[in-house]
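K.L.:
Just dropping this structure here.
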Amino acid sequence: LSEQIKNYQPFNEQEVQDKKTLLALIKEKGLENLLTRENSLAHLTASAWVVNADHQKVLMAYHNLYDSWSWLGGHADGQADLLAVALKEVTEESGLTKLQPILNEIFSLEILTVDGHEKKGVYLSSHLHLNVTYLIEASEEEPLTIEPDENSQVAWFFRDQAVAASSEPWFQTRI
């Protein structure tokens, strides 16, 4: 994973800076330390942009925590194969099972802020998600389901509508 991040070619200035920060944190804290939620300040997460067969639509979930539409993903929880984490999270959050990575390499990098919140009756302080995103293809013919603990809706959006659907200003300007 560290090598994948080192070899990743950033798309824009945000990714340049986030890559530097991510590599510095891995060097300082150690990869193992960032793979679990035990590190309450920052931990690794994996996300996926899921596109349909003709790549004209993307799958988004309405995340309960953020009260916004966003791409799908979740915590590494000790797993260093973040592509596998992204695939697992897409299945859990959408019900899709026939997933095909378009790239096995990283598609984008983001450091995401998470405001303090309660989850299952426990307060979690504000922290960072050190996020690695992958590009995955799926059939929009496959039925969608929600993960009630995570999201309340899952839907396909045309690419030009996807980012506009989010109510998060950072997402709208940086993703």
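Each chain in the structure tokens gets a letter, A, B, ..., in the order shown, and its residues are numbered from 1; ligands are numbered from 1 in order too.
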Could the residues of stretch 92-152 of chain A that have an atom at most 12 Å from stretch 22-36 of chain A be listed as JSON lines, each with its closest atom pair and the distance in Å to one decimal, counting only C-alpha atoms and ordered by chain and ascending residue number?
P.N.:
```
{"residue": "A:Leu109", "atom": "CA", "partner": "A:Leu22", "partner_atom": "CA", "distance": 9.0}
{"residue": "A:Glu110", "atom": "CA", "partner": "A:Leu22", "partner_atom": "CA", "distance": 9.1}
{"residue": "A:Ile111", "atom": "CA", "partner": "A:Leu22", "partner_atom": "CA", "distance": 8.0}
{"residue": "A:Leu112", "atom": "CA", "partner": "A:Leu22", "partner_atom": "CA", "distance": 11.5}
{"residue": "A:Leu128", "atom": "CA", "partner": "A:Leu34", "partner_atom": "CA", "distance": 10.6}
{"residue": "A:His129", "atom": "CA", "partner": "A:Leu34", "partner_atom": "CA", "distance": 9.7}
{"residue": "A:Leu130", "atom": "CA", "partner": "A:Leu22", "partner_atom": "CA", "distance": 6.9}
{"residue": "A:Asn131", "atom": "CA", "partner": "A:Leu22", "partner_atom": "CA", "distance": 9.1}
{"residue": "A:Val132", "atom": "CA", "partner": "A:Leu22", "partner_atom": "CA", "distance": 10.1}
```
K.L.:
Using the chain letters and numbers from this document, which residues of chain A does DSSP assign to alpha helix (DSSP H), as a PDB file with N, CA, C and O atoms, in the first residue's frame?
P.N.:
```pdb
ATOM      1  N   SER A   2       1.890   1.266   0.820  1.00  0.00           N
ATOM      2  CA  SER A   2       2.786   2.436   0.845  1.00  0.00           C
ATOM      3  C   SER A   2       3.399   2.682  -0.527  1.00  0.00           C
ATOM      4  O   SER A   2       3.492   3.832  -0.973  1.00  0.00           O
ATOM      5  N   GLU A   3       3.785   1.616  -1.214  1.00  0.00           N
ATOM      6  CA  GLU A   3       4.360   1.752  -2.558  1.00  0.00           C
ATOM      7  C   GLU A   3       3.323   2.260  -3.549  1.00  0.00           C
ATOM      8  O   GLU A   3       3.641   3.070  -4.418  1.00  0.00           O
ATOM      9  N   GLN A   4       2.092   1.763  -3.443  1.00  0.00           N
ATOM     10  CA  GLN A   4       1.030   2.244  -4.328  1.00  0.00           C
ATOM     11  C   GLN A   4       0.833   3.745  -4.146  1.00  0.00           C
ATOM     12  O   GLN A   4       0.665   4.481  -5.126  1.00  0.00           O
ATOM     13  N   ILE A   5       0.835   4.192  -2.913  1.00  0.00           N
ATOM     14  CA  ILE A   5       0.652   5.623  -2.640  1.00  0.00           C
ATOM     15  C   ILE A   5       1.850   6.413  -3.159  1.00  0.00           C
ATOM     16  O   ILE A   5       1.683   7.464  -3.788  1.00  0.00           O
ATOM     17  N   LYS A   6       3.063   5.907  -2.933  1.00  0.00           N
ATOM     18  CA  LYS A   6       4.278   6.587  -3.437  1.00  0.00           C
ATOM     19  C   LYS A   6       4.229   6.709  -4.956  1.00  0.00           C
ATOM     20  O   LYS A   6       4.626   7.730  -5.519  1.00  0.00           O
ATOM     21  N   ASN A   7       3.768   5.662  -5.633  1.00  0.00           N
ATOM     22  CA  ASN A   7       3.747   5.641  -7.101  1.00  0.00           C
ATOM     23  C   ASN A   7       2.559   6.393  -7.702  1.00  0.00           C
ATOM     24  O   ASN A   7       2.536   6.622  -8.915  1.00  0.00           O
ATOM     25  N   GLU A  13      -3.569  19.886  -7.230  1.00  0.00           N
ATOM     26  CA  GLU A  13      -2.806  20.358  -6.070  1.00  0.00           C
ATOM     27  C   GLU A  13      -3.308  19.747  -4.764  1.00  0.00           C
ATOM     28  O   GLU A  13      -2.517  19.433  -3.877  1.00  0.00           O
ATOM     29  N   GLN A  14      -4.611  19.582  -4.635  1.00  0.00           N
ATOM     30  CA  GLN A  14      -5.149  18.954  -3.428  1.00  0.00           C
ATOM     31  C   GLN A  14      -4.550  17.561  -3.247  1.00  0.00           C
ATOM     32  O   GLN A  14      -4.117  17.199  -2.162  1.00  0.00           O
ATOM     33  N   GLU A  15      -4.479  16.785  -4.324  1.00  0.00           N
ATOM     34  CA  GLU A  15      -3.913  15.438  -4.218  1.00  0.00           C
ATOM     35  C   GLU A  15      -2.410  15.468  -3.964  1.00  0.00           C
ATOM     36  O   GLU A  15      -1.886  14.607  -3.259  1.00  0.00           O
ATOM     37  N   VAL A  16      -1.709  16.444  -4.523  1.00  0.00           N
ATOM     38  CA  VAL A  16      -0.270  16.589  -4.256  1.00  0.00           C
ATOM     39  C   VAL A  16      -0.051  16.760  -2.751  1.00  0.00           C
ATOM     40  O   VAL A  16       0.768  16.077  -2.135  1.00  0.00           O
ATOM     41  N   GLN A  17      -0.804  17.688  -2.162  1.00  0.00           N
ATOM     42  CA  GLN A  17      -0.645  17.972  -0.739  1.00  0.00           C
ATOM     43  C   GLN A  17      -1.122  16.802   0.124  1.00  0.00           C
ATOM     44  O   GLN A  17      -0.463  16.449   1.116  1.00  0.00           O
ATOM     45  N   ASP A  18      -2.243  16.198  -0.232  1.00  0.00           N
ATOM     46  CA  ASP A  18      -2.750  15.078   0.550  1.00  0.00           C
ATOM     47  C   ASP A  18      -1.815  13.872   0.463  1.00  0.00           C
ATOM     48  O   ASP A  18      -1.621  13.162   1.455  1.00  0.00           O
ATOM     49  N   LYS A  19      -1.204  13.642  -0.688  1.00  0.00           N
ATOM     50  CA  LYS A  19      -0.240  12.547  -0.829  1.00  0.00           C
ATOM     51  C   LYS A  19       0.963  12.783   0.083  1.00  0.00           C
ATOM     52  O   LYS A  19       1.404  11.871   0.789  1.00  0.00           O
ATOM     53  N   LYS A  20       1.474  14.008   0.106  1.00  0.00           N
ATOM     54  CA  LYS A  20       2.611  14.333   0.988  1.00  0.00           C
ATOM     55  C   LYS A  20       2.257  14.080   2.447  1.00  0.00           C
ATOM     56  O   LYS A  20       3.026  13.475   3.194  1.00  0.00           O
ATOM     57  N   THR A  21       1.086  14.545   2.842  1.00  0.00           N
ATOM     58  CA  THR A  21       0.649  14.373   4.227  1.00  0.00           C
ATOM     59  C   THR A  21       0.455  12.898   4.556  1.00  0.00           C
ATOM     60  O   THR A  21       0.884  12.426   5.612  1.00  0.00           O
ATOM     61  N   LEU A  22      -0.167  12.174   3.668  1.00  0.00           N
ATOM     62  CA  LEU A  22      -0.414  10.751   3.874  1.00  0.00           C
ATOM     63  C   LEU A  22       0.899   9.978   4.030  1.00  0.00           C
ATOM     64  O   LEU A  22       1.057   9.185   4.956  1.00  0.00           O
ATOM     65  N   LEU A  23       1.853  10.241   3.146  1.00  0.00           N
ATOM     66  CA  LEU A  23       3.149   9.549   3.237  1.00  0.00           C
ATOM     67  C   LEU A  23       3.903   9.939   4.509  1.00  0.00           C
ATOM     68  O   LEU A  23       4.552   9.089   5.131  1.00  0.00           O
ATOM     69  N   ALA A  24       3.799  11.201   4.913  1.00  0.00           N
ATOM     70  CA  ALA A  24       4.454  11.638   6.151  1.00  0.00           C
ATOM     71  C   ALA A  24       3.828  10.940   7.361  1.00  0.00           C
ATOM     72  O   ALA A  24       4.551  10.510   8.279  1.00  0.00           O
ATOM     73  N   LEU A  25       2.512  10.808   7.365  1.00  0.00           N
ATOM     74  CA  LEU A  25       1.848  10.111   8.471  1.00  0.00           C
ATOM     75  C   LEU A  25       2.220   8.632   8.511  1.00  0.00           C
ATOM     76  O   LEU A  25       2.421   8.065   9.586  1.00  0.00           O
ATOM     77  N   ILE A  26       2.302   8.005   7.352  1.00  0.00           N
ATOM     78  CA  ILE A  26       2.711   6.591   7.309  1.00  0.00           C
ATOM     79  C   ILE A  26       4.129   6.444   7.844  1.00  0.00           C
ATOM     80  O   ILE A  26       4.416   5.531   8.626  1.00  0.00           O
ATOM     81  N   LYS A  27       5.001   7.353   7.461  1.00  0.00           N
ATOM     82  CA  LYS A  27       6.399   7.294   7.937  1.00  0.00           C
ATOM     83  C   LYS A  27       6.467   7.527   9.444  1.00  0.00           C
ATOM     84  O   LYS A  27       7.181   6.823  10.157  1.00  0.00           O
ATOM     85  N   GLU A  28       5.714   8.508   9.928  1.00  0.00           N
ATOM     86  CA  GLU A  28       5.756   8.857  11.344  1.00  0.00           C
ATOM     87  C   GLU A  28       5.046   7.846  12.237  1.00  0.00           C
ATOM     88  O   GLU A  28       5.568   7.419  13.262  1.00  0.00           O
ATOM     89  N   LYS A  29       3.851   7.445  11.856  1.00  0.00           N
ATOM     90  CA  LYS A  29       3.012   6.592  12.706  1.00  0.00           C
ATOM     91  C   LYS A  29       3.133   5.109  12.385  1.00  0.00           C
ATOM     92  O   LYS A  29       2.814   4.273  13.217  1.00  0.00           O
ATOM     93  N   LEU A  31       2.303   2.274   9.020  1.00  0.00           N
ATOM     94  CA  LEU A  31       1.099   1.876   8.295  1.00  0.00           C
ATOM     95  C   LEU A  31       0.121   1.130   9.196  1.00  0.00           C
ATOM     96  O   LEU A  31      -1.077   1.405   9.195  1.00  0.00           O
ATOM     97  N   GLU A  32       0.632   0.195   9.989  1.00  0.00           N
ATOM     98  CA  GLU A  32      -0.237  -0.610  10.859  1.00  0.00           C
ATOM     99  C   GLU A  32      -1.049   0.260  11.795  1.00  0.00           C
ATOM    100  O   GLU A  32      -2.219  -0.005  12.060  1.00  0.00           O
ATOM    101  N   ASN A  33      -0.449   1.342  12.285  1.00  0.00           N
ATOM    102  CA  ASN A  33      -1.112   2.252  13.209  1.00  0.00           C
ATOM    103  C   ASN A  33      -2.277   2.977  12.561  1.00  0.00           C
ATOM    104  O   ASN A  33      -3.244   3.337  13.238  1.00  0.00           O
ATOM    105  N   LEU A  34      -2.219   3.188  11.249  1.00  0.00           N
ATOM    106  CA  LEU A  34      -3.256   3.941  10.544  1.00  0.00           C
ATOM    107  C   LEU A  34      -4.336   3.056   9.931  1.00  0.00           C
ATOM    108  O   LEU A  34      -5.328   3.561   9.413  1.00  0.00           O
ATOM    109  N   LEU A  82      -6.546  -2.106   0.245  1.00  0.00           N
ATOM    110  CA  LEU A  82      -7.656  -1.157   0.233  1.00  0.00           C
ATOM    111  C   LEU A  82      -8.588  -1.339  -0.959  1.00  0.00           C
ATOM    112  O   LEU A  82      -9.763  -0.971  -0.872  1.00  0.00           O
ATOM    113  N   LEU A  83      -8.124  -1.931  -2.034  1.00  0.00           N
ATOM    114  CA  LEU A  83      -9.043  -2.263  -3.130  1.00  0.00           C
ATOM    115  C   LEU A  83     -10.067  -3.288  -2.648  1.00  0.00           C
ATOM    116  O   LEU A  83     -11.261  -3.160  -2.907  1.00  0.00           O
ATOM    117  N   ALA A  84      -9.615  -4.287  -1.907  1.00  0.00           N
ATOM    118  CA  ALA A  84     -10.541  -5.285  -1.350  1.00  0.00           C
ATOM    119  C   ALA A  84     -11.518  -4.626  -0.382  1.00  0.00           C
ATOM    120  O   ALA A  84     -12.707  -4.975  -0.358  1.00  0.00           O
ATOM    121  N   VAL A  85     -11.033  -3.670   0.402  1.00  0.00           N
ATOM    122  CA  VAL A  85     -11.909  -2.940   1.324  1.00  0.00           C
ATOM    123  C   VAL A  85     -12.966  -2.173   0.534  1.00  0.00           C
ATOM    124  O   VAL A  85     -14.160  -2.214   0.864  1.00  0.00           O
ATOM    125  N   ALA A  86     -12.544  -1.478  -0.529  1.00  0.00           N
ATOM    126  CA  ALA A  86     -13.486  -0.707  -1.344  1.00  0.00           C
ATOM    127  C   ALA A  86     -14.554  -1.627  -1.943  1.00  0.00           C
ATOM    128  O   ALA A  86     -15.751  -1.301  -1.913  1.00  0.00           O
ATOM    129  N   LEU A  87     -14.156  -2.771  -2.470  1.00  0.00           N
ATOM    130  CA  LEU A  87     -15.109  -3.722  -3.045  1.00  0.00           C
ATOM    131  C   LEU A  87     -16.097  -4.219  -1.988  1.00  0.00           C
ATOM    132  O   LEU A  87     -17.304  -4.285  -2.234  1.00  0.00           O
ATOM    133  N   LYS A  88     -15.592  -4.552  -0.821  1.00  0.00           N
ATOM    134  CA  LYS A  88     -16.443  -5.025   0.283  1.00  0.00           C
ATOM    135  C   LYS A  88     -17.444  -3.943   0.690  1.00  0.00           C
ATOM    136  O   LYS A  88     -18.635  -4.214   0.873  1.00  0.00           O
ATOM    137  N   GLU A  89     -16.961  -2.714   0.801  1.00  0.00           N
ATOM    138  CA  GLU A  89     -17.833  -1.612   1.213  1.00  0.00           C
ATOM    139  C   GLU A  89     -18.917  -1.322   0.174  1.00  0.00           C
ATOM    140  O   GLU A  89     -20.060  -1.039   0.538  1.00  0.00           O
ATOM    141  N   VAL A  90     -18.573  -1.395  -1.096  1.00  0.00           N
ATOM    142  CA  VAL A  90     -19.584  -1.179  -2.141  1.00  0.00           C
ATOM    143  C   VAL A  90     -20.674  -2.236  -2.021  1.00  0.00           C
ATOM    144  O   VAL A  90     -21.867  -1.915  -2.082  1.00  0.00           O
ATOM    145  N   THR A  91     -20.293  -3.480  -1.824  1.00  0.00           N
ATOM    146  CA  THR A  91     -21.274  -4.549  -1.667  1.00  0.00           C
ATOM    147  C   THR A  91     -22.146  -4.316  -0.439  1.00  0.00           C
ATOM    148  O   THR A  91     -23.378  -4.412  -0.507  1.00  0.00           O
ATOM    149  N   GLU A  92     -21.517  -3.979   0.691  1.00  0.00           N
ATOM    150  CA  GLU A  92     -22.277  -3.756   1.922  1.00  0.00           C
ATOM    151  C   GLU A  92     -23.235  -2.573   1.795  1.00  0.00           C
ATOM    152  O   GLU A  92     -24.357  -2.628   2.281  1.00  0.00           O
ATOM    153  N   GLU A  93     -22.792  -1.494   1.155  1.00  0.00           N
ATOM    154  CA  GLU A  93     -23.584  -0.269   1.122  1.00  0.00           C
ATOM    155  C   GLU A  93     -24.599  -0.208  -0.018  1.00  0.00           C
ATOM    156  O   GLU A  93     -25.509   0.615   0.021  1.00  0.00           O
ATOM    157  N   SER A  94     -24.431  -1.073  -1.028  1.00  0.00           N
ATOM    158  CA  SER A  94     -25.322  -0.989  -2.186  1.00  0.00           C
ATOM    159  C   SER A  94     -26.014  -2.300  -2.543  1.00  0.00           C
ATOM    160  O   SER A  94     -26.986  -2.293  -3.295  1.00  0.00           O
ATOM    161  N   ARG A 159     -23.018  11.379 -14.685  1.00  0.00           N
ATOM    162  CA  ARG A 159     -21.780  11.947 -14.149  1.00  0.00           C
ATOM    163  C   ARG A 159     -21.890  13.433 -13.836  1.00  0.00           C
ATOM    164  O   ARG A 159     -21.423  13.882 -12.796  1.00  0.00           O
ATOM    165  N   ASP A 160     -22.499  14.209 -14.723  1.00  0.00           N
ATOM    166  CA  ASP A 160     -22.571  15.654 -14.496  1.00  0.00           C
ATOM    167  C   ASP A 160     -23.513  16.018 -13.348  1.00  0.00           C
ATOM    168  O   ASP A 160     -23.445  17.119 -12.815  1.00  0.00           O
ATOM    169  N   GLN A 161     -24.372  15.110 -12.937  1.00  0.00           N
ATOM    170  CA  GLN A 161     -25.291  15.364 -11.832  1.00  0.00           C
ATOM    171  C   GLN A 161     -24.754  14.861 -10.491  1.00  0.00           C
ATOM    172  O   GLN A 161     -25.229  15.292  -9.442  1.00  0.00           O
ATOM    173  N   ALA A 162     -23.781  13.973 -10.532  1.00  0.00           N
ATOM    174  CA  ALA A 162     -23.331  13.294  -9.312  1.00  0.00           C
ATOM    175  C   ALA A 162     -22.750  14.251  -8.286  1.00  0.00           C
ATOM    176  O   ALA A 162     -23.160  14.249  -7.126  1.00  0.00           O
ATOM    177  N   VAL A 163     -21.795  15.056  -8.679  1.00  0.00           N
ATOM    178  CA  VAL A 163     -21.154  15.958  -7.728  1.00  0.00           C
ATOM    179  C   VAL A 163     -22.145  17.016  -7.260  1.00  0.00           C
ATOM    180  O   VAL A 163     -22.175  17.379  -6.088  1.00  0.00           O
ATOM    181  N   ALA A 164     -22.989  17.486  -8.156  1.00  0.00           N
ATOM    182  CA  ALA A 164     -23.997  18.492  -7.788  1.00  0.00           C
ATOM    183  C   ALA A 164     -24.992  17.945  -6.768  1.00  0.00           C
ATOM    184  O   ALA A 164     -25.577  18.719  -6.000  1.00  0.00           O
ATOM    185  N   ALA A 165     -25.181  16.637  -6.718  1.00  0.00           N
ATOM    186  CA  ALA A 165     -26.125  16.039  -5.768  1.00  0.00           C
ATOM    187  C   ALA A 165     -25.628  16.144  -4.326  1.00  0.00           C
ATOM    188  O   ALA A 165     -26.425  16.132  -3.392  1.00  0.00           O
ATOM    189  N   PRO A 169     -19.854  21.255   0.549  1.00  0.00           N
ATOM    190  CA  PRO A 169     -19.099  22.204  -0.293  1.00  0.00           C
ATOM    191  C   PRO A 169     -17.718  21.678  -0.720  1.00  0.00           C
ATOM    192  O   PRO A 169     -17.342  21.828  -1.880  1.00  0.00           O
ATOM    193  N   TRP A 170     -16.979  21.035   0.190  1.00  0.00           N
ATOM    194  CA  TRP A 170     -15.656  20.527  -0.170  1.00  0.00           C
ATOM    195  C   TRP A 170     -15.767  19.485  -1.272  1.00  0.00           C
ATOM    196  O   TRP A 170     -15.007  19.463  -2.225  1.00  0.00           O
ATOM    197  N   PHE A 171     -16.734  18.608  -1.139  1.00  0.00           N
ATOM    198  CA  PHE A 171     -16.963  17.572  -2.142  1.00  0.00           C
ATOM    199  C   PHE A 171     -17.255  18.197  -3.499  1.00  0.00           C
ATOM    200  O   PHE A 171     -16.726  17.788  -4.523  1.00  0.00           O
ATOM    201  N   GLN A 172     -18.111  19.215  -3.503  1.00  0.00           N
ATOM    202  CA  GLN A 172     -18.500  19.860  -4.757  1.00  0.00           C
ATOM    203  C   GLN A 172     -17.329  20.557  -5.453  1.00  0.00           C
ATOM    204  O   GLN A 172     -17.283  20.592  -6.670  1.00  0.00           O
ATOM    205  N   THR A 173     -16.391  21.087  -4.700  1.00  0.00           N
ATOM    206  CA  THR A 173     -15.290  21.832  -5.324  1.00  0.00           C
ATOM    207  C   THR A 173     -14.047  20.993  -5.558  1.00  0.00           C
ATOM    208  O   THR A 173     -13.227  21.341  -6.417  1.00  0.00           O
ATOM    209  N   ARG A 174     -13.859  19.915  -4.823  1.00  0.00           N
ATOM    210  CA  ARG A 174     -12.594  19.157  -4.909  1.00  0.00           C
ATOM    211  C   ARG A 174     -12.704  17.786  -5.548  1.00  0.00           C
ATOM    212  O   ARG A 174     -11.703  17.207  -5.949  1.00  0.00           O
TER     213      ARG A 174
END
```
K.L.:
Write out as an MDAnalysis selection string which residues come within 10 Å of A:Leu124 when counting only C-alpha atoms, dropping same-chain ones fewer than 6 positions away.
P.N.:
chainID A and resid 40 114:118
K.L.:
Given the selection you just returned, output its residues as a file containing N, CA and C atoms, formatted as a JSON list (two decimals), in the first residue's frame.
P.N.:
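Produced file out_17.json, reproduced below:
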```
[["chain", "number", "residue", "atom", "x", "y", "z"],
["A", 40, "SER", "N", -7.40, 7.37, 16.83],
["A", 40, "SER", "CA", -8.62, 8.18, 16.82],
["A", 40, "SER", "C", -8.46, 9.51, 16.11],
["A", 114, "VAL", "N", -13.90, 14.50, 9.33],
["A", 114, "VAL", "CA", -15.13, 13.92, 9.86],
["A", 114, "VAL", "C", -15.41, 14.62, 11.18],
["A", 115, "ASP", "N", -16.54, 15.32, 11.24],
["A", 115, "ASP", "CA", -16.93, 16.00, 12.47],
["A", 115, "ASP", "C", -17.27, 14.99, 13.55],
["A", 116, "GLY", "N", -17.11, 15.41, 14.79],
["A", 116, "GLY", "CA", -17.49, 14.57, 15.91],
["A", 116, "GLY", "C", -18.95, 14.16, 15.80],
["A", 117, "HIS", "N", -19.23, 12.92, 16.18],
["A", 117, "HIS", "CA", -20.60, 12.40, 16.07],
["A", 117, "HIS", "C", -20.78, 11.18, 16.97],
["A", 118, "GLU", "N", -22.01, 10.80, 17.16],
["A", 118, "GLU", "CA", -22.29, 9.57, 17.89],
["A", 118, "GLU", "C", -22.55, 8.44, 16.92]]
```
K.L.:
Residues near stretch 46-57 of chain A, anyone? I mean within 6 Å using only C-alpha atoms, not counting same-chain ones fewer than 5 positions away, as a ChimeraX atom specification.
P.N.:
/A:71-74,82,86,131-140,157-159
K.L.:
Would you write out those residues with N, CA, C and O atoms, as a PDB file, in the first residue's frame?
P.N.:
```pdb
ATOM      1  N   TRP A  71     -19.770   9.200  -2.687  1.00  0.00           N
ATOM      2  CA  TRP A  71     -19.348   7.904  -3.187  1.00  0.00           C
ATOM      3  C   TRP A  71     -19.366   6.908  -2.037  1.00  0.00           C
ATOM      4  O   TRP A  71     -19.567   7.279  -0.892  1.00  0.00           O
ATOM      5  N   LEU A  72     -19.153   5.629  -2.315  1.00  0.00           N
ATOM      6  CA  LEU A  72     -19.270   4.586  -1.306  1.00  0.00           C
ATOM      7  C   LEU A  72     -17.897   4.209  -0.770  1.00  0.00           C
ATOM      8  O   LEU A  72     -16.906   4.273  -1.496  1.00  0.00           O
ATOM      9  N   GLY A  73     -17.859   3.799   0.492  1.00  0.00           N
ATOM     10  CA  GLY A  73     -16.583   3.398   1.070  1.00  0.00           C
ATOM     11  C   GLY A  73     -16.670   3.213   2.563  1.00  0.00           C
ATOM     12  O   GLY A  73     -17.727   3.391   3.172  1.00  0.00           O
ATOM     13  N   GLY A  74     -15.515   2.872   3.158  1.00  0.00           N
ATOM     14  CA  GLY A  74     -15.487   2.660   4.603  1.00  0.00           C
ATOM     15  C   GLY A  74     -14.095   2.427   5.135  1.00  0.00           C
ATOM     16  O   GLY A  74     -13.099   2.571   4.427  1.00  0.00           O
ATOM     17  N   LEU A  82      -6.546  -2.106   0.245  1.00  0.00           N
ATOM     18  CA  LEU A  82      -7.656  -1.157   0.233  1.00  0.00           C
ATOM     19  C   LEU A  82      -8.588  -1.339  -0.959  1.00  0.00           C
ATOM     20  O   LEU A  82      -9.763  -0.971  -0.872  1.00  0.00           O
ATOM     21  N   ALA A  86     -12.544  -1.478  -0.529  1.00  0.00           N
ATOM     22  CA  ALA A  86     -13.486  -0.707  -1.344  1.00  0.00           C
ATOM     23  C   ALA A  86     -14.554  -1.627  -1.943  1.00  0.00           C
ATOM     24  O   ALA A  86     -15.751  -1.301  -1.913  1.00  0.00           O
ATOM     25  N   ASN A 131      -8.106   8.773   2.879  1.00  0.00           N
ATOM     26  CA  ASN A 131      -8.916   8.012   1.942  1.00  0.00           C
ATOM     27  C   ASN A 131      -8.204   7.710   0.625  1.00  0.00           C
ATOM     28  O   ASN A 131      -7.604   8.584   0.014  1.00  0.00           O
ATOM     29  N   VAL A 132      -8.335   6.467   0.205  1.00  0.00           N
ATOM     30  CA  VAL A 132      -7.836   6.002  -1.084  1.00  0.00           C
ATOM     31  C   VAL A 132      -9.052   5.551  -1.883  1.00  0.00           C
ATOM     32  O   VAL A 132      -9.866   4.763  -1.393  1.00  0.00           O
ATOM     33  N   THR A 133      -9.188   6.073  -3.098  1.00  0.00           N
ATOM     34  CA  THR A 133     -10.363   5.775  -3.915  1.00  0.00           C
ATOM     35  C   THR A 133      -9.971   4.961  -5.145  1.00  0.00           C
ATOM     36  O   THR A 133      -8.932   5.199  -5.754  1.00  0.00           O
ATOM     37  N   TYR A 134     -10.835   4.017  -5.504  1.00  0.00           N
ATOM     38  CA  TYR A 134     -10.644   3.151  -6.662  1.00  0.00           C
ATOM     39  C   TYR A 134     -11.792   3.353  -7.646  1.00  0.00           C
ATOM     40  O   TYR A 134     -12.855   3.853  -7.285  1.00  0.00           O
ATOM     41  N   LEU A 135     -11.576   2.935  -8.889  1.00  0.00           N
ATOM     42  CA  LEU A 135     -12.580   3.039  -9.943  1.00  0.00           C
ATOM     43  C   LEU A 135     -13.076   1.634 -10.263  1.00  0.00           C
ATOM     44  O   LEU A 135     -12.290   0.752 -10.641  1.00  0.00           O
ATOM     45  N   ILE A 136     -14.386   1.437 -10.106  1.00  0.00           N
ATOM     46  CA  ILE A 136     -14.990   0.111 -10.221  1.00  0.00           C
ATOM     47  C   ILE A 136     -16.198   0.182 -11.152  1.00  0.00           C
ATOM     48  O   ILE A 136     -16.938   1.163 -11.140  1.00  0.00           O
ATOM     49  N   GLU A 137     -16.382  -0.857 -11.930  1.00  0.00           N
ATOM     50  CA  GLU A 137     -17.543  -0.944 -12.819  1.00  0.00           C
ATOM     51  C   GLU A 137     -18.541  -1.952 -12.264  1.00  0.00           C
ATOM     52  O   GLU A 137     -18.153  -2.992 -11.719  1.00  0.00           O
ATOM     53  N   ALA A 138     -19.840  -1.619 -12.434  1.00  0.00           N
ATOM     54  CA  ALA A 138     -20.909  -2.519 -12.011  1.00  0.00           C
ATOM     55  C   ALA A 138     -22.088  -2.362 -12.967  1.00  0.00           C
ATOM     56  O   ALA A 138     -22.194  -1.364 -13.682  1.00  0.00           O
ATOM     57  N   SER A 139     -22.971  -3.322 -12.939  1.00  0.00           N
ATOM     58  CA  SER A 139     -24.163  -3.276 -13.785  1.00  0.00           C
ATOM     59  C   SER A 139     -25.265  -2.505 -13.069  1.00  0.00           C
ATOM     60  O   SER A 139     -25.591  -2.806 -11.917  1.00  0.00           O
ATOM     61  N   GLU A 140     -25.856  -1.557 -13.771  1.00  0.00           N
ATOM     62  CA  GLU A 140     -26.973  -0.837 -13.158  1.00  0.00           C
ATOM     63  C   GLU A 140     -28.259  -1.657 -13.211  1.00  0.00           C
ATOM     64  O   GLU A 140     -29.291  -1.224 -12.692  1.00  0.00           O
ATOM     65  N   PHE A 157     -26.470   8.139 -10.812  1.00  0.00           N
ATOM     66  CA  PHE A 157     -26.558   9.515 -11.297  1.00  0.00           C
ATOM     67  C   PHE A 157     -25.746   9.644 -12.580  1.00  0.00           C
ATOM     68  O   PHE A 157     -24.665   9.046 -12.682  1.00  0.00           O
ATOM     69  N   PHE A 158     -26.233  10.448 -13.519  1.00  0.00           N
ATOM     70  CA  PHE A 158     -25.372  10.802 -14.641  1.00  0.00           C
ATOM     71  C   PHE A 158     -24.182  11.565 -14.079  1.00  0.00           C
ATOM     72  O   PHE A 158     -24.306  12.286 -13.086  1.00  0.00           O
ATOM     73  N   ARG A 159     -23.018  11.379 -14.685  1.00  0.00           N
ATOM     74  CA  ARG A 159     -21.780  11.947 -14.149  1.00  0.00           C
ATOM     75  C   ARG A 159     -21.890  13.433 -13.836  1.00  0.00           C
ATOM     76  O   ARG A 159     -21.423  13.882 -12.796  1.00  0.00           O
TER      77      ARG A 159
END
```
K.L.:
Just to confirm, what's the straight-line distance from atom CA of A:Ser68 to atom CA of A:Ser167 in Å (one decimal)?
P.N.:
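Distance between the two atoms: 5.4 Å.
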K.L.:
So the first atom is atom CA of A:Asn39 and the second is atom CA of A:Tyr123; what is the distance between them in Å, to one decimal place?
P.N.:
14.8 Å
K.L.:
Mind giving me the straight-line distance from atom CA of A:Ser166 to atom CA of A:Tyr8 in Å, one decimal?
P.N.:
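Between atom CA of A:Ser166 and atom CA of A:Tyr8 the gap is 26.2 Å.
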K.L.:
Taking into account only C-alpha atoms, which residue in the set A:Gly95, A:His75, A:Trp69, A:Arg37 is nearest to A:Thr145?
P.N.:
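That would be A:Gly95, the residue with the smallest distance to A:Thr145.
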K.L.:
Under the rule that only C-alpha atoms are counted, which of A:Met60, A:Leu1, A:Tyr66, A:Ser126 is the nearest residue to A:Leu41?
P.N.:
A:Ser126
